[in-house]
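Encoded as structure tokens, the structure appears first; notes follow it.
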Amino acid sequence: MAEYSALSLLKNALTGNRDWKPAWRKPDPKPSYDVIVVGGGGHGLSTAYYLAKEHGITNVAVVEKGWLGSGNVGRNTTIVRSNYLYPQSIRFYEHSMRLWENLSHDLNYNVMFSQRGILNLAHTPAQFDDYARRGNAMRHGGGDAELLNPDQIARLYPGLDVSASARFPVVGGLLQPKAGTARHDAVAWGYARGADRRGVDIIENCEVTGFLRDGDRITGVTTSRGEIRAAKVAVAVAGSTGHVMKLAGIDKLPIESHLLQAFVSESLKPILPGVITWGGGHLYVSQSDKGGLVFGGDLDGYNSYAQRGNLPLVEEVMSELLAMFPAFARVRLLRSWGGVMDMSMDGSPIITTGPLPGMYLNCGWCYGGFKATPASGWCFAHTIARDEPHEINAPFTLDRFHRGILIDEKGQGPTPKLH
Ligand SMILES: Cc1cc2nc3c(=O)[nH]c(=O)nc-3n(C[C@H](O)[C@H](O)[C@H](O)COP(=O)(O)OP(=O)(O)OC[C@H]3O[C@@H](n4cnc5c(N)ncnc54)[C@H](O)[C@@H]3O)c2cc1C
């Protein structure tokens with residue numbers, strides 16, 4: 001197993017970097033485990049890591065149909081923030097932020113967490129009032145928030161059109177200074193390495209094709225590499241939730257799968273100090289450490305399990321970016337890609353026991369599951385280990401949809417395009 005220290009970096013640099021060991025093993029599946037986690041994305045891997053680290057449960061398999069990082073954990077625009085309105089969300093995402101702040105140290109793996117701030121632009125007085133309310137709620141919840149006027153915004157973002165003649169004039173903005181970005185692949189690799197070194201088996205190229213049952217109780221999974229039994233089976237498959245849960249006979253969940261695209265440009269000299277979002281529609285952009293503009297917008301607008309997007313949405317996202325930064329019209333686009341999003345009907349996640357005995361479910365991450373990766377795994381591990389949610393994820397169980405206690409962050413309800 002690779003150990004990372006200043007000494008090992010120096011030694012390997014001097015010997016041509018030929019002696020690095022794989023960061024995690026490639027074990028064959030055992031016949032049974034205490035816990036199987038279905039899905040080797042960020043959430044499945046962090047769940048396995050915290051099961052081992054926080055609860056001493058190490059007889060765990062993470063079963064992944066492709067390779068680690070092939071899902072949304074390797075496809076997102078890497079924004080980490082906790083700028084929510086409702087106390088339940090603030091508590092959860094602030095917990096995630098605290099885990100992020102110590103994550104590289106905890107994993108002994110540089111996840112390149114960079115707290116460069118996120119700025120939400122307001123284009124109408126009503127929108128600015130709304131941001132003031134949200135900023136106050138964030139500060140009440142122990143978070144950080146600052147309202148900025150157009151002059152302060154212009155100083156931060158010199159390329160931004162804040163003139164009165166802009167197509168969408170900037171009235172002000174809400175800044176969360178401790179928000180930022182992290183290297184998405186490194187998060188998956190760091191959690192994988194950390195879980196593996198505590199004894200977790202990470203089994204790639206192993207698709208779950210069905211569930212083993214004893215009456216209602218889930219007792220294991222059938223996979224492309226044979227049957228595996230377990231006392232507990234935890235599902236964390238993000239955009240594939242509907243498909244995988246159907247294999248267990250659950251065909252009604254408050255989740256829809258939708259496609260979200262992302263884009264990266266050629267490298268530029270530093271021009272964006274942090275993450276900035278446009279309030280006239282739905283557009284978020286930051287600059288990677290390599291200099292590329294990393295940005296995205298809305299969903300493609302129809303249910304899909306495809307990982308490639310449509311052209312009208314490309315046009316929409318580009319026009320939004322140029323409304324904000326007209327000078328980016330001369331920047332060349334390098335790549336675009338898509339990922340399948342698990343859109344919940346109130347825009348908030350589900351981390352729950354059930355819906356069947358022996359089963360646990362983690363889904364509904366919508367646009368924002370990357371930033372939740374640490375807290376999601378931490379809370380899901382607690383829920384699996386103790387058979388009940390932690391108080392932080394108690395508001396996010398599945399039965400909120402039965403009881404009508406939704407956490408509707410933007411009042412956008414069941415119209416996934418508006419999530
Ligand atoms: C374009 C885009 C931009 C985004 N931008 C952001 C952002 O800036 N900030 C943010 O916070 N969030 C963002 N997100 C959302 C975030 O990436 C997701 O919410 C989060 O990654 C989902 O959790 P995950 O990492 O566990 O998912 P995934 O990485 O998708 O993991 C699920 C895994 O389950 C596996 N799987 C599926 N079916 C099976 C099966 N039958 N058997 C075994 N394994 C299976 C898949 O192969 C996959 O690896 C973005 C998403 C996309 C697509």
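Note on naming: chains are A, B, ... as they come in the structure tokens, residues start from 1 per chain, ligands start from 1 in the order shown.
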Close residues, range 46-48 of chain A itself excluded, 6 Å, only C-alpha atoms, min 5 positions apart in chain, as a compact mmCIF listing (two decimals) with N, CA, C and O atoms, in the first residue's frame:
# COMPACT_ATOMS: atom_id res chain seq x y z
N TYR A 191 -10.61 8.38 -0.48
CA TYR A 191 -11.51 7.55 0.33
C TYR A 191 -11.28 6.07 0.05
O TYR A 191 -11.34 5.24 0.97
N GLY A 377 -21.41 10.20 3.59
CA GLY A 377 -20.82 8.92 4.01
C GLY A 377 -20.82 8.77 5.52
O GLY A 377 -21.10 7.70 6.06
N ALA A 381 -23.00 5.91 7.20
CA ALA A 381 -22.31 4.88 7.99
C ALA A 381 -22.96 4.77 9.36
O ALA A 381 -23.20 3.65 9.86
- Task: Would you kindly return, as a ChimeraX atom specification, each protein, DNA or RNA residue with an atom no farther than 9 Å from any atom of Arg308 in chain A, considering only C-alpha atoms and excluding same-chain residues fewer than 3 positions away?
- Result: /A:259-261,336-340
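Using only C-alpha atoms, the protein and nucleic acid residues lying no more than 8 Å from range 165-170 of chain A, apart from those fewer than 5 places from it along its own chain, are Leu121, Ala122, His123, Thr124, Pro150, Gly280 and Ala323 of chain A.
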Same residues, C-alpha atoms, saved as a PDB file, in the first residue's frame:
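Ended up saving to result.pdb:
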ATOM      1  CA  LEU A 121     -25.125  37.196  -8.274  1.00  0.00           C
ATOM      2  CA  ALA A 122     -28.488  38.936  -7.788  1.00  0.00           C
ATOM      3  CA  HIS A 123     -30.076  40.773 -10.706  1.00  0.00           C
ATOM      4  CA  THR A 124     -33.237  42.163  -9.102  1.00  0.00           C
ATOM      5  CA  PRO A 150     -21.763  45.905  -7.348  1.00  0.00           C
ATOM      6  CA  GLY A 280     -30.546  35.385 -14.238  1.00  0.00           C
ATOM      7  CA  ALA A 323     -24.217  37.284 -20.531  1.00  0.00           C
TER       8      ALA A 323
END
- Message: For ligand 1, return the neighbouring residues as a PyMOL selection string (distance at most 7 Å; only C-alpha atoms and all ligand atoms).
- Response: chain A and resi 38-44+63-80+206-209+236-240+244+260-262+296+337-341+365-373
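CA of Trp278 in chain A is positioned 11.5 Å from CA of Asp161 in chain A.
Across the structure, CA of Thr223 in chain A and CA of Cys379 in chain A are spaced 26.3 Å apart.
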Per-residue nearest contacts range 83-144 of chain A to range 344-357 of chain A, cut-off 12 Å, using only C-alpha atoms, as JSON lines:
{"residue": "A:Tyr84", "atom": "CA", "partner": "A:Ser348", "partner_atom": "CA", "distance": 10.8}
{"residue": "A:Leu85", "atom": "CA", "partner": "A:Ser348", "partner_atom": "CA", "distance": 11.9}
{"residue": "A:Tyr86", "atom": "CA", "partner": "A:Ser348", "partner_atom": "CA", "distance": 10.8}
{"residue": "A:Gln88", "atom": "CA", "partner": "A:Ser348", "partner_atom": "CA", "distance": 10.0}
{"residue": "A:Ser89", "atom": "CA", "partner": "A:Ser348", "partner_atom": "CA", "distance": 8.1}
{"residue": "A:Ile90", "atom": "CA", "partner": "A:Ser348", "partner_atom": "CA", "distance": 11.7}
{"residue": "A:Phe92", "atom": "CA", "partner": "A:Pro349", "partner_atom": "CA", "distance": 10.4}
{"residue": "A:Tyr93", "atom": "CA", "partner": "A:Pro349", "partner_atom": "CA", "distance": 11.3}
Just write the chosen residues, all heavy atoms, as a JSON list (two decimals), in the first residue's frame.
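File produced: part-v4.json:
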[["chain", "number", "residue", "atom", "x", "y", "z"],
["A", 84, "TYR", "N", -27.08, 27.22, 2.34],
["A", 84, "TYR", "CA", -28.50, 26.82, 2.26],
["A", 84, "TYR", "C", -29.36, 27.70, 3.15],
["A", 84, "TYR", "O", -28.86, 28.49, 3.96],
["A", 84, "TYR", "CB", -28.63, 25.36, 2.67],
["A", 84, "TYR", "CG", -28.27, 24.42, 1.52],
["A", 84, "TYR", "CD1", -26.95, 24.14, 1.22],
["A", 84, "TYR", "CD2", -29.27, 23.89, 0.72],
["A", 84, "TYR", "CE1", -26.63, 23.32, 0.16],
["A", 84, "TYR", "CE2", -28.95, 23.07, -0.35],
["A", 84, "TYR", "CZ", -27.63, 22.79, -0.63],
["A", 84, "TYR", "OH", -27.32, 21.99, -1.68],
["A", 85, "LEU", "N", -30.68, 27.54, 3.00],
["A", 85, "LEU", "CA", -31.63, 28.38, 3.74],
["A", 85, "LEU", "C", -32.15, 27.71, 5.01],
["A", 85, "LEU", "O", -32.24, 28.34, 6.07],
["A", 85, "LEU", "CB", -32.81, 28.74, 2.82],
["A", 85, "LEU", "CG", -33.95, 29.55, 3.46],
["A", 85, "LEU", "CD1", -33.45, 30.93, 3.87],
["A", 85, "LEU", "CD2", -35.11, 29.70, 2.48],
["A", 86, "TYR", "N", -32.52, 26.45, 4.93],
["A", 86, "TYR", "CA", -33.22, 25.83, 6.05],
["A", 86, "TYR", "C", -32.24, 25.22, 7.06],
["A", 86, "TYR", "O", -31.18, 24.71, 6.67],
["A", 86, "TYR", "CB", -34.19, 24.75, 5.55],
["A", 86, "TYR", "CG", -35.35, 25.37, 4.80],
["A", 86, "TYR", "CD1", -35.62, 25.03, 3.48],
["A", 86, "TYR", "CD2", -36.15, 26.31, 5.42],
["A", 86, "TYR", "CE1", -36.67, 25.61, 2.79],
["A", 86, "TYR", "CE2", -37.20, 26.91, 4.74],
["A", 86, "TYR", "CZ", -37.45, 26.55, 3.42],
["A", 86, "TYR", "OH", -38.48, 27.14, 2.75],
["A", 88, "GLN", "N", -32.15, 22.47, 8.71],
["A", 88, "GLN", "CA", -31.76, 21.05, 8.51],
["A", 88, "GLN", "C", -30.62, 20.96, 7.51],
["A", 88, "GLN", "O", -29.66, 20.21, 7.69],
["A", 88, "GLN", "CB", -32.95, 20.23, 7.96],
["A", 88, "GLN", "CG", -34.21, 20.26, 8.81],
["A", 88, "GLN", "CD", -35.17, 21.34, 8.33],
["A", 88, "GLN", "OE1", -34.77, 22.45, 8.03],
["A", 88, "GLN", "NE2", -36.45, 21.02, 8.29],
["A", 89, "SER", "N", -30.74, 21.72, 6.40],
["A", 89, "SER", "CA", -29.72, 21.68, 5.36],
["A", 89, "SER", "C", -28.42, 22.32, 5.86],
["A", 89, "SER", "O", -27.32, 21.81, 5.61],
["A", 89, "SER", "CB", -30.17, 22.42, 4.10],
["A", 89, "SER", "OG", -31.46, 22.04, 3.76],
["A", 90, "ILE", "N", -28.56, 23.45, 6.56],
["A", 90, "ILE", "CA", -27.36, 24.15, 7.04],
["A", 90, "ILE", "C", -26.57, 23.23, 7.97],
["A", 90, "ILE", "O", -25.34, 23.11, 7.85],
["A", 90, "ILE", "CB", -27.75, 25.47, 7.74],
["A", 90, "ILE", "CG1", -28.32, 26.45, 6.73],
["A", 90, "ILE", "CG2", -26.54, 26.08, 8.45],
["A", 90, "ILE", "CD1", -28.88, 27.73, 7.32],
["A", 92, "PHE", "N", -26.52, 19.97, 8.10],
["A", 92, "PHE", "CA", -25.90, 18.87, 7.35],
["A", 92, "PHE", "C", -24.68, 19.37, 6.54],
["A", 92, "PHE", "O", -23.59, 18.79, 6.60],
["A", 92, "PHE", "CB", -26.94, 18.23, 6.41],
["A", 92, "PHE", "CG", -26.39, 17.14, 5.55],
["A", 92, "PHE", "CD1", -26.22, 15.86, 6.07],
["A", 92, "PHE", "CD2", -26.00, 17.40, 4.26],
["A", 92, "PHE", "CE1", -25.68, 14.85, 5.28],
["A", 92, "PHE", "CE2", -25.47, 16.39, 3.46],
["A", 92, "PHE", "CZ", -25.31, 15.12, 3.98],
["A", 93, "TYR", "N", -24.87, 20.46, 5.79],
["A", 93, "TYR", "CA", -23.77, 20.90, 4.91],
["A", 93, "TYR", "C", -22.64, 21.59, 5.68],
["A", 93, "TYR", "O", -21.50, 21.58, 5.22],
["A", 93, "TYR", "CB", -24.32, 21.78, 3.78],
["A", 93, "TYR", "CG", -25.09, 20.93, 2.77],
["A", 93, "TYR", "CD1", -26.48, 20.96, 2.72],
["A", 93, "TYR", "CD2", -24.42, 20.06, 1.92],
["A", 93, "TYR", "CE1", -27.18, 20.15, 1.83],
["A", 93, "TYR", "CE2", -25.10, 19.25, 1.03],
["A", 93, "TYR", "CZ", -26.48, 19.30, 0.99],
["A", 93, "TYR", "OH", -27.17, 18.49, 0.11]]
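Restricting the calculation to only C-alpha atoms, the smallest distance between Arg25 in chain A and any of A:Ala126, A:Tyr109, A:Arg197, A:Ser96 is found for A:Arg197.
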Using only C-alpha atoms, which residues sit within 12 Å of Ser319 in chain A once same-chain residues fewer than 5 positions away are excluded, as a PDB file with C-alpha atoms, in the first residue's frame?
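The file below, selection31.pdb, is the result:
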ATOM      1  CA  ARG A 167     -28.376  42.506 -20.338  1.00  0.00           C
ATOM      2  CA  TRP A 278     -25.380  33.840 -12.385  1.00  0.00           C
ATOM      3  CA  GLY A 280     -30.546  35.385 -14.238  1.00  0.00           C
ATOM      4  CA  GLY A 281     -30.833  31.658 -14.940  1.00  0.00           C
ATOM      5  CA  HIS A 282     -28.701  28.753 -13.833  1.00  0.00           C
ATOM      6  CA  LEU A 283     -24.969  29.010 -14.524  1.00  0.00           C
ATOM      7  CA  GLY A 296     -22.316  24.120 -16.145  1.00  0.00           C
ATOM      8  CA  GLY A 297     -25.964  25.063 -16.099  1.00  0.00           C
ATOM      9  CA  PRO A 312     -29.758  23.118 -27.254  1.00  0.00           C
ATOM     10  CA  LEU A 313     -28.575  22.973 -23.643  1.00  0.00           C
ATOM     11  CA  VAL A 314     -24.979  23.608 -24.768  1.00  0.00           C
ATOM     12  CA  MET A 324     -22.008  37.286 -17.442  1.00  0.00           C
ATOM     13  CA  PHE A 325     -18.563  37.546 -19.033  1.00  0.00           C
ATOM     14  CA  PRO A 326     -18.848  38.873 -22.635  1.00  0.00           C
ATOM     15  CA  PHE A 328     -15.272  34.729 -22.786  1.00  0.00           C
ATOM     16  CA  ALA A 329     -16.727  34.692 -26.323  1.00  0.00           C
TER      17      ALA A 329
END
- Query: Near Thr219 in chain A, within 7 Å and counting only C-alpha atoms, which residues show up once chain neighbours fewer than 6 positions away are dropped, as a list of chain:residue names?
  - Reply: A:Leu212, A:Arg213, A:Arg229, A:Ala230, A:Ala231, A:Lys232, A:Gly358
Store the residues picked out above in a file with C-alpha atoms, as a PDB file, in the first residue's frame.
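File written: part22.pdb
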ATOM      1  CA  LEU A 212     -31.054 -11.983  -2.515  1.00  0.00           C
ATOM      2  CA  ARG A 213     -34.056 -12.118  -0.195  1.00  0.00           C
ATOM      3  CA  ARG A 229     -24.320 -12.412   1.023  1.00  0.00           C
ATOM      4  CA  ALA A 230     -24.437  -9.731   3.695  1.00  0.00           C
ATOM      5  CA  ALA A 231     -26.281  -8.866   6.884  1.00  0.00           C
ATOM      6  CA  LYS A 232     -26.769  -5.340   5.530  1.00  0.00           C
ATOM      7  CA  GLY A 358     -31.676  -5.303   5.736  1.00  0.00           C
TER       8      GLY A 358
END
